[in-house]
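S.K.: My structure file upload_28.pdb, PDB, C-alpha atoms and all ligand atoms, is below:
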MODEL        1
ATOM      1  CA  MET A   1       0.000   0.000   0.000  1.00  0.00           C
ATOM      2  CA  THR A   2       1.332   3.471  -0.832  1.00  0.00           C
ATOM      3  CA  ILE A   3       0.846   6.770   1.004  1.00  0.00           C
ATOM      4  CA  GLY A   4      -2.499   8.242   0.055  1.00  0.00           C
ATOM      5  CA  GLU A   5      -4.014   4.914  -0.875  1.00  0.00           C
ATOM      6  CA  LEU A   6      -7.059   4.071   1.210  1.00  0.00           C
ATOM      7  CA  PRO A   7      -6.738   0.903   3.286  1.00  0.00           C
ATOM      8  CA  LYS A   8      -9.464  -1.664   2.799  1.00  0.00           C
ATOM      9  CA  ARG A   9     -12.169  -1.499   5.443  1.00  0.00           C
ATOM     10  CA  GLY A  10     -10.957  -3.182   8.621  1.00  0.00           C
ATOM     11  CA  THR A  11      -7.431  -3.789   7.382  1.00  0.00           C
ATOM     12  CA  LYS A  12      -5.560  -0.736   8.643  1.00  0.00           C
ATOM     13  CA  GLN A  13      -1.916  -1.376   7.971  1.00  0.00           C
ATOM     14  CA  PRO A  14       0.531  -1.156  10.893  1.00  0.00           C
ATOM     15  CA  GLU A  15       2.781   1.334   9.055  1.00  0.00           C
ATOM     16  CA  PHE A  16      -0.056   3.870   9.247  1.00  0.00           C
ATOM     17  CA  ALA A  17      -0.881   3.178  12.871  1.00  0.00           C
ATOM     18  CA  GLY A  18       2.220   4.735  14.476  1.00  0.00           C
ATOM     19  CA  PRO A  19       5.099   3.011  16.238  1.00  0.00           C
ATOM     20  CA  ASN A  20       3.274   1.919  19.383  1.00  0.00           C
ATOM     21  CA  TYR A  21       0.338   0.158  17.837  1.00  0.00           C
ATOM     22  CA  THR A  22      -1.477  -2.798  19.290  1.00  0.00           C
ATOM     23  CA  LEU A  23      -3.361  -5.308  17.198  1.00  0.00           C
ATOM     24  CA  ALA A  24      -6.959  -5.290  18.347  1.00  0.00           C
ATOM     25  CA  THR A  25     -10.455  -6.075  17.166  1.00  0.00           C
ATOM     26  CA  LEU A  26     -13.452  -3.791  17.248  1.00  0.00           C
ATOM     27  CA  ARG A  27     -16.986  -5.121  17.051  1.00  0.00           C
ATOM     28  CA  VAL A  28     -19.044  -2.597  15.095  1.00  0.00           C
ATOM     29  CA  ASN A  29     -22.615  -3.071  13.881  1.00  0.00           C
ATOM     30  CA  GLY A  30     -22.320  -6.804  14.490  1.00  0.00           C
ATOM     31  CA  GLN A  31     -19.127  -7.190  12.470  1.00  0.00           C
ATOM     32  CA  VAL A  32     -15.652  -7.809  13.842  1.00  0.00           C
ATOM     33  CA  PHE A  33     -12.866  -5.644  12.429  1.00  0.00           C
ATOM     34  CA  PRO A  34      -9.182  -6.360  13.041  1.00  0.00           C
ATOM     35  CA  VAL A  35      -7.328  -3.079  13.450  1.00  0.00           C
ATOM     36  CA  ALA A  36      -3.889  -1.795  14.468  1.00  0.00           C
ATOM     37  CA  LEU A  37      -4.396   0.895  17.099  1.00  0.00           C
ATOM     38  CA  GLU A  38      -2.128   3.233  18.982  1.00  0.00           C
ATOM     39  CA  PRO A  39      -3.338   3.822  22.549  1.00  0.00           C
ATOM     40  CA  ARG A  40      -4.030   7.516  21.792  1.00  0.00           C
ATOM     41  CA  VAL A  41      -6.487   6.859  18.934  1.00  0.00           C
ATOM     42  CA  SER A  42     -10.058   7.873  19.654  1.00  0.00           C
ATOM     43  CA  LEU A  43     -12.954   5.624  18.775  1.00  0.00           C
ATOM     44  CA  LEU A  44     -14.153   8.388  16.445  1.00  0.00           C
ATOM     45  CA  ASP A  45     -10.917   8.373  14.457  1.00  0.00           C
ATOM     46  CA  ALA A  46     -10.787   4.583  14.419  1.00  0.00           C
ATOM     47  CA  LEU A  47     -14.311   4.433  12.987  1.00  0.00           C
ATOM     48  CA  ARG A  48     -13.799   7.139  10.392  1.00  0.00           C
ATOM     49  CA  GLU A  49     -10.166   6.802   9.385  1.00  0.00           C
ATOM     50  CA  TYR A  50      -9.487   3.105   9.926  1.00  0.00           C
ATOM     51  CA  LEU A  51     -12.822   1.390   9.342  1.00  0.00           C
ATOM     52  CA  ARG A  52     -14.103   3.964   6.822  1.00  0.00           C
ATOM     53  CA  LEU A  53     -17.402   4.270   8.655  1.00  0.00           C
ATOM     54  CA  THR A  54     -17.759   7.978   7.982  1.00  0.00           C
ATOM     55  CA  GLY A  55     -21.398   8.332   9.022  1.00  0.00           C
ATOM     56  CA  THR A  56     -20.216   9.311  12.498  1.00  0.00           C
ATOM     57  CA  LYS A  57     -19.168  12.960  12.265  1.00  0.00           C
ATOM     58  CA  LYS A  58     -16.348  14.932  13.842  1.00  0.00           C
ATOM     59  CA  GLY A  59     -17.539  18.338  14.979  1.00  0.00           C
ATOM     60  CA  CYS A  60     -15.614  19.762  17.922  1.00  0.00           C
ATOM     61  CA  ASP A  61     -13.481  16.683  18.739  1.00  0.00           C
ATOM     62  CA  GLN A  62     -13.662  17.707  22.401  1.00  0.00           C
ATOM     63  CA  GLY A  63     -16.971  16.455  23.736  1.00  0.00           C
ATOM     64  CA  ALA A  64     -19.033  19.596  23.210  1.00  0.00           C
ATOM     65  CA  CYS A  65     -21.236  19.046  20.141  1.00  0.00           C
ATOM     66  CA  GLY A  66     -22.568  15.470  20.034  1.00  0.00           C
ATOM     67  CA  ALA A  67     -21.864  14.978  16.310  1.00  0.00           C
ATOM     68  CA  CYS A  68     -19.794  11.881  17.121  1.00  0.00           C
ATOM     69  CA  THR A  69     -22.463  10.101  19.193  1.00  0.00           C
ATOM     70  CA  VAL A  70     -22.455   6.301  18.882  1.00  0.00           C
ATOM     71  CA  TRP A  71     -23.729   3.544  21.133  1.00  0.00           C
ATOM     72  CA  VAL A  72     -21.340   1.438  23.167  1.00  0.00           C
ATOM     73  CA  ASP A  73     -23.014  -1.546  24.803  1.00  0.00           C
ATOM     74  CA  GLY A  74     -26.346   0.080  23.986  1.00  0.00           C
ATOM     75  CA  LYS A  75     -25.627   3.434  25.648  1.00  0.00           C
ATOM     76  CA  ARG A  76     -24.907   6.761  23.978  1.00  0.00           C
ATOM     77  CA  GLU A  77     -21.263   7.656  24.058  1.00  0.00           C
ATOM     78  CA  LEU A  78     -19.186  10.460  22.568  1.00  0.00           C
ATOM     79  CA  SER A  79     -16.732   8.633  20.365  1.00  0.00           C
ATOM     80  CA  CYS A  80     -14.310  11.588  20.317  1.00  0.00           C
ATOM     81  CA  LEU A  81     -13.837  11.184  24.078  1.00  0.00           C
ATOM     82  CA  THR A  82     -13.589   7.387  23.994  1.00  0.00           C
ATOM     83  CA  LEU A  83     -10.291   5.653  23.364  1.00  0.00           C
ATOM     84  CA  ALA A  84     -10.703   3.022  20.681  1.00  0.00           C
ATOM     85  CA  LEU A  85      -8.801   0.417  22.670  1.00  0.00           C
ATOM     86  CA  SER A  86     -11.181   0.874  25.603  1.00  0.00           C
ATOM     87  CA  ALA A  87     -14.021  -0.163  23.290  1.00  0.00           C
ATOM     88  CA  GLU A  88     -12.439  -3.498  22.423  1.00  0.00           C
ATOM     89  CA  GLY A  89     -14.749  -6.342  23.390  1.00  0.00           C
ATOM     90  CA  ARG A  90     -17.752  -4.020  23.582  1.00  0.00           C
ATOM     91  CA  GLU A  91     -20.648  -3.735  21.159  1.00  0.00           C
ATOM     92  CA  ILE A  92     -20.337  -0.555  19.120  1.00  0.00           C
ATOM     93  CA  THR A  93     -23.213   0.723  17.003  1.00  0.00           C
ATOM     94  CA  THR A  94     -22.911   3.574  14.525  1.00  0.00           C
ATOM     95  CA  ILE A  95     -25.479   5.275  12.332  1.00  0.00           C
ATOM     96  CA  GLU A  96     -24.652   2.730   9.618  1.00  0.00           C
ATOM     97  CA  GLY A  97     -26.019  -0.002  11.890  1.00  0.00           C
ATOM     98  CA  VAL A  98     -29.351   1.568  12.798  1.00  0.00           C
ATOM     99  CA  ALA A  99     -31.464   0.666   9.767  1.00  0.00           C
ATOM    100  CA  ASP A 100     -32.719  -2.882   9.302  1.00  0.00           C
ATOM    101  CA  GLY A 101     -31.332  -3.574   5.839  1.00  0.00           C
ATOM    102  CA  ASP A 102     -33.209  -1.261   3.492  1.00  0.00           C
ATOM    103  CA  GLU A 103     -35.778  -0.511   6.193  1.00  0.00           C
ATOM    104  CA  LEU A 104     -34.995   2.790   7.895  1.00  0.00           C
ATOM    105  CA  HIS A 105     -35.401   3.080  11.658  1.00  0.00           C
ATOM    106  CA  PRO A 106     -38.596   4.979  12.634  1.00  0.00           C
ATOM    107  CA  VAL A 107     -36.438   7.860  13.910  1.00  0.00           C
ATOM    108  CA  GLN A 108     -34.628   8.071  10.578  1.00  0.00           C
ATOM    109  CA  ARG A 109     -37.969   8.123   8.777  1.00  0.00           C
ATOM    110  CA  ALA A 110     -39.279  10.798  11.129  1.00  0.00           C
ATOM    111  CA  PHE A 111     -36.261  13.045  10.528  1.00  0.00           C
ATOM    112  CA  ILE A 112     -37.098  12.893   6.823  1.00  0.00           C
ATOM    113  CA  SER A 113     -40.854  13.367   7.173  1.00  0.00           C
ATOM    114  CA  GLN A 114     -40.472  16.202   9.709  1.00  0.00           C
ATOM    115  CA  ASP A 115     -37.619  17.892   7.857  1.00  0.00           C
ATOM    116  CA  GLY A 116     -35.373  17.450  10.892  1.00  0.00           C
ATOM    117  CA  PHE A 117     -32.168  18.663   9.275  1.00  0.00           C
ATOM    118  CA  GLN A 118     -30.722  21.301   6.988  1.00  0.00           C
ATOM    119  CA  CYS A 119     -27.043  20.703   6.166  1.00  0.00           C
ATOM    120  CA  GLY A 120     -27.267  17.261   7.784  1.00  0.00           C
ATOM    121  CA  TYR A 121     -23.867  17.323   9.469  1.00  0.00           C
ATOM    122  CA  CYS A 122     -25.209  16.895  12.987  1.00  0.00           C
ATOM    123  CA  THR A 123     -27.928  14.464  11.903  1.00  0.00           C
ATOM    124  CA  PRO A 124     -26.220  11.086  12.511  1.00  0.00           C
ATOM    125  CA  GLY A 125     -25.394  12.122  16.073  1.00  0.00           C
ATOM    126  CA  GLN A 126     -28.881  13.570  16.560  1.00  0.00           C
ATOM    127  CA  ILE A 127     -30.459  10.312  15.425  1.00  0.00           C
ATOM    128  CA  MET A 128     -28.219   8.149  17.623  1.00  0.00           C
ATOM    129  CA  SER A 129     -29.162  10.299  20.608  1.00  0.00           C
ATOM    130  CA  ALA A 130     -32.811  10.588  19.638  1.00  0.00           C
ATOM    131  CA  ILE A 131     -33.340   6.817  19.531  1.00  0.00           C
ATOM    132  CA  LYS A 132     -31.909   6.460  23.024  1.00  0.00           C
ATOM    133  CA  CYS A 133     -33.822   9.501  24.245  1.00  0.00           C
ATOM    134  CA  ILE A 134     -37.034   7.710  23.277  1.00  0.00           C
ATOM    135  CA  GLU A 135     -35.931   4.273  24.525  1.00  0.00           C
ATOM    136  CA  GLU A 136     -34.815   5.741  27.844  1.00  0.00           C
ATOM    137  CA  GLY A 137     -38.287   7.260  28.298  1.00  0.00           C
ATOM    138  CA  HIS A 138     -37.082  10.857  28.157  1.00  0.00           C
ATOM    139  CA  ALA A 139     -39.319  11.988  25.319  1.00  0.00           C
ATOM    140  CA  GLU A 140     -42.596  12.680  27.101  1.00  0.00           C
ATOM    141  CA  SER A 141     -42.687  16.369  26.164  1.00  0.00           C
ATOM    142  CA  THR A 142     -40.776  18.766  23.912  1.00  0.00           C
ATOM    143  CA  GLU A 143     -39.249  20.313  27.042  1.00  0.00           C
ATOM    144  CA  GLU A 144     -37.988  16.931  28.202  1.00  0.00           C
ATOM    145  CA  ILE A 145     -36.712  16.114  24.709  1.00  0.00           C
ATOM    146  CA  ALA A 146     -34.873  19.447  24.600  1.00  0.00           C
ATOM    147  CA  GLU A 147     -33.200  18.669  27.932  1.00  0.00           C
ATOM    148  CA  TRP A 148     -32.175  15.097  27.064  1.00  0.00           C
ATOM    149  CA  MET A 149     -30.998  16.090  23.596  1.00  0.00           C
ATOM    150  CA  SER A 150     -29.087  19.121  24.855  1.00  0.00           C
ATOM    151  CA  GLY A 151     -25.733  17.449  24.207  1.00  0.00           C
ATOM    152  CA  ASN A 152     -26.399  17.464  20.474  1.00  0.00           C
ATOM    153  CA  ILE A 153     -25.768  20.850  18.917  1.00  0.00           C
ATOM    154  CA  CYS A 154     -27.222  21.847  15.551  1.00  0.00           C
ATOM    155  CA  ARG A 155     -25.451  24.779  13.919  1.00  0.00           C
ATOM    156  CA  CYS A 156     -28.383  25.110  11.498  1.00  0.00           C
ATOM    157  CA  ALA A 157     -30.698  25.453  14.510  1.00  0.00           C
ATOM    158  CA  ALA A 158     -33.145  22.853  13.209  1.00  0.00           C
ATOM    159  CA  TYR A 159     -34.169  22.133  16.798  1.00  0.00           C
ATOM    160  CA  GLN A 160     -37.876  22.647  16.332  1.00  0.00           C
ATOM    161  CA  ASN A 161     -38.050  20.083  13.535  1.00  0.00           C
ATOM    162  CA  ILE A 162     -35.681  17.689  15.302  1.00  0.00           C
ATOM    163  CA  ARG A 163     -37.993  17.699  18.330  1.00  0.00           C
ATOM    164  CA  ALA A 164     -41.018  17.240  16.085  1.00  0.00           C
ATOM    165  CA  ALA A 165     -39.290  14.238  14.516  1.00  0.00           C
ATOM    166  CA  ILE A 166     -38.628  12.725  17.936  1.00  0.00           C
ATOM    167  CA  VAL A 167     -42.256  13.216  18.998  1.00  0.00           C
ATOM    168  CA  SER A 168     -43.423  11.616  15.764  1.00  0.00           C
ATOM    169  CA  ALA A 169     -41.053   8.643  16.118  1.00  0.00           C
ATOM    170  CA  ARG A 170     -41.921   8.280  19.803  1.00  0.00           C
ATOM    171  CA  ASP A 171     -45.588   7.933  18.912  1.00  0.00           C
ATOM    172  CA  GLU A 172     -44.752   5.397  16.200  1.00  0.00           C
ATOM    173  CA  MET A 173     -42.420   3.390  18.442  1.00  0.00           C
ATOM    174  CA  GLY A 174     -44.983   3.358  21.247  1.00  0.00           C
ATOM    175  CA  GLY A 175     -43.599   0.471  23.241  1.00  0.00           C
ATOM    176  CA  ALA A 176     -40.212   2.107  23.658  1.00  0.00           C
ATOM    177  CA  ARG A 177     -41.670   4.750  25.989  1.00  0.00           C
TER     178      ARG A 177
HETATM  179 FE1  LIG B   1     -17.419  14.553  19.740  1.00  0.00          FE
HETATM  180 FE2  LIG B   1     -18.106  17.072  19.163  1.00  0.00          FE
HETATM  181  S1  LIG B   1     -17.009  15.630  17.927  1.00  0.00           S
HETATM  182  S2  LIG B   1     -18.661  15.876  20.909  1.00  0.00           S
HETATM  183 FE1  LIG B   2     -26.834  21.495   9.970  1.00  0.00          FE
HETATM  184 FE2  LIG B   2     -27.671  20.367  12.229  1.00  0.00          FE
HETATM  185  S1  LIG B   2     -28.614  20.276  10.272  1.00  0.00           S
HETATM  186  S2  LIG B   2     -25.790  21.329  11.867  1.00  0.00           S
ENDMDL
END
What's the structure tokens form of this structure?
M.R.:
Amino acid sequence: MTIGELPKRGTKQPEFAGPNYTLATLRVNGQVFPVALEPRVSLLDALREYLRLTGTKKGCDQGACGACTVWVDGKRELSCLTLALSAEGREITTIEGVADGDELHPVQRAFISQDGFQCGYCTPGQIMSAIKCIEEGHAESTEEIAEWMSGNICRCAAYQNIRAAIVSARDEMGGAR
């Protein structure tokens, strides 16, 4: 492989991993990926740069915007603040793993039907948080949704439509409340 050539998904080559890499495996969306990781590599960078799962976005890279939200063992986590090696052996879910094949998740459908995005950059993180917000039972009112989604910033200020999408999906999901 030459500099500039993209590694195949899940086959990050040690020469690009830095001198202190460790061979590890990450379980993402039900698939196991072998990967060479330096201890300093964030889960966000491992997902985007090593596994080529670029649905998870890098906004602030310091835990302030929520664009990088994924699930680790079923709980929302900021992947920019999570070391990739600490996620070894845990179940990681990204936005690419939310739909059921071609069938979008009800929250994904609701973001489309309620126009819950403008530029779309924050949207993967919003959706990852929104699903958990509903499943955790924190979507009883728009005020409660606003509070439990407050870690997800939208620079386009699409908040009103994002909350409408969550209400709509909550009503569709029913049993998750
Ligand atoms: Fe992780 Fe902003 S990129 S919180
Ligand atoms: Fe543009 Fe949220 S839709 S940042």
S.K.: Just say which residues the PyMOL selection byres (((chain A and resi 65) around 12) and not hetatm) picks in this file, as a PDB file with C-alpha atoms, in the coordinates of the input.
M.R.:
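Done, and the output landed in result_4.pdb:
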ATOM      1  CA  LYS A  57     -19.168  12.960  12.265  1.00  0.00           C
ATOM      2  CA  LYS A  58     -16.348  14.932  13.842  1.00  0.00           C
ATOM      3  CA  GLY A  59     -17.539  18.338  14.979  1.00  0.00           C
ATOM      4  CA  CYS A  60     -15.614  19.762  17.922  1.00  0.00           C
ATOM      5  CA  ASP A  61     -13.481  16.683  18.739  1.00  0.00           C
ATOM      6  CA  GLN A  62     -13.662  17.707  22.401  1.00  0.00           C
ATOM      7  CA  GLY A  63     -16.971  16.455  23.736  1.00  0.00           C
ATOM      8  CA  ALA A  64     -19.033  19.596  23.210  1.00  0.00           C
ATOM      9  CA  GLY A  66     -22.568  15.470  20.034  1.00  0.00           C
ATOM     10  CA  ALA A  67     -21.864  14.978  16.310  1.00  0.00           C
ATOM     11  CA  CYS A  68     -19.794  11.881  17.121  1.00  0.00           C
ATOM     12  CA  THR A  69     -22.463  10.101  19.193  1.00  0.00           C
ATOM     13  CA  LEU A  78     -19.186  10.460  22.568  1.00  0.00           C
ATOM     14  CA  SER A  79     -16.732   8.633  20.365  1.00  0.00           C
ATOM     15  CA  CYS A  80     -14.310  11.588  20.317  1.00  0.00           C
ATOM     16  CA  LEU A  81     -13.837  11.184  24.078  1.00  0.00           C
ATOM     17  CA  TYR A 121     -23.867  17.323   9.469  1.00  0.00           C
ATOM     18  CA  CYS A 122     -25.209  16.895  12.987  1.00  0.00           C
ATOM     19  CA  THR A 123     -27.928  14.464  11.903  1.00  0.00           C
ATOM     20  CA  GLY A 125     -25.394  12.122  16.073  1.00  0.00           C
ATOM     21  CA  GLN A 126     -28.881  13.570  16.560  1.00  0.00           C
ATOM     22  CA  SER A 129     -29.162  10.299  20.608  1.00  0.00           C
ATOM     23  CA  MET A 149     -30.998  16.090  23.596  1.00  0.00           C
ATOM     24  CA  SER A 150     -29.087  19.121  24.855  1.00  0.00           C
ATOM     25  CA  GLY A 151     -25.733  17.449  24.207  1.00  0.00           C
ATOM     26  CA  ASN A 152     -26.399  17.464  20.474  1.00  0.00           C
ATOM     27  CA  ILE A 153     -25.768  20.850  18.917  1.00  0.00           C
ATOM     28  CA  CYS A 154     -27.222  21.847  15.551  1.00  0.00           C
ATOM     29  CA  ARG A 155     -25.451  24.779  13.919  1.00  0.00           C
TER      30      ARG A 155
END
S.K.: What's the separation between CA of Arg40 (chain A) and CA of Ala130 (chain A), in Å to one decimal place?
M.R.: 29.0 Å
S.K.: Quick one: residues within 7 Å of region 96-112 of chain A, all atoms listed in the file, excluding same-chain residues fewer than 2 positions away - as a list in words?
M.R.: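 Residues near the query, excluding close chain neighbours: Asn29, Gly55, Thr93, Thr94, Gln114, Asp115, Gly116, Ile127, Ile131, Ile162, Ala165, Ile166, Ser168 and Ala169 of chain A.
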S.K.: Rank nothing, just name the residue among A:Arg48, A:Leu23, A:Val28, A:Gly18 nearest to ligand LIG 1 (chain B), using all atoms listed in the file.
M.R.: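 Comparing A:Arg48, A:Leu23, A:Val28, A:Gly18 against ligand LIG 1 (chain B), the winner is A:Arg48.
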S.K.: Could you check which of A:Ile92, A:Thr25, A:Pro124, A:Lys75 is closest to Thr54 (chain A), using only C-alpha atoms?
M.R.: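 Between A:Ile92, A:Thr25, A:Pro124, A:Lys75, the residue approaching Thr54 (chain A) most closely is A:Pro124.
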S.K.: To verify the selection step, state as a count of residues only which residues the PyMOL selection byres (((chain A and resi 85-88) around 9) and not hetatm) yields on this input.
M.R.: 20
S.K.: Could you tell me which of A:Cys133, A:Tyr159, A:Ile145, A:Phe117 comes closest to ligand LIG 2 (chain B) if we count all atoms listed in the file?
M.R.: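 Between A:Cys133, A:Tyr159, A:Ile145, A:Phe117, the residue approaching ligand LIG 2 (chain B) most closely is A:Phe117.
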S.K.: In terms of the shortest atom-to-atom distance over only C-alpha atoms and all ligand atoms, which of A:Asn20, A:Asn161, A:Gln118, A:Thr56 is closest to ligand LIG 1 (chain B)?
M.R.: A:Thr56
S.K.: Could you tell me how far CA of Cys156 (chain A) lies from atom S1 of ligand LIG 1 (chain B), in Å and to one decimal?
M.R.: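 Taking CA of Cys156 (chain A) as the start and atom S1 of ligand LIG 1 (chain B) as the end point, the length is 16.1 Å.
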S.K.: Could you tell me how far atom FE2 of ligand LIG 2 (chain B) sits from CA of Gly174 (chain A), in Å to one decimal place?
M.R.: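 Atom-to-atom, CA of Gly174 (chain A) to atom FE2 of ligand LIG 2 (chain B), that is 25.9 Å.
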S.K.: Could you check which of A:Tyr50, A:Pro19, A:Gln31, A:Val70 is closest to ligand LIG 1 (chain B), using all atoms listed in the file?
M.R.: A:Val70
S.K.: Box along x, y and z, 5 Å on every side, all listed atoms of region 21-35 of chain A inside: centre and edge lengths in Å to one decimal, as JSON.
M.R.:
{"center_x": -11.1, "center_y": -3.8, "center_z": 15.9, "size_x": 33.0, "size_y": 18.0, "size_z": 16.9}
S.K.: List the spatial neighbours of Ser141 (chain A) as a list of chain:residue names - criterion: any atom at most 12 Å away, only C-alpha atoms, same-chain residues fewer than 5 positions off excluded.
M.R.: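 My list of contacting residues is A:Cys133, A:Ile134, A:Ala146, A:Glu147, A:Trp148, A:Met149, A:Arg163, A:Ala164, A:Ile166, A:Val167, A:Ser168, A:Arg170, A:Asp171, A:Arg177.
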S.K.: Can you work out which one of A:His138, A:Met128, A:Arg52, A:Leu47 has the shortest atom-to-atom distance to Gly74 (chain A), counting all atoms listed in the file?
M.R.: A:Met128
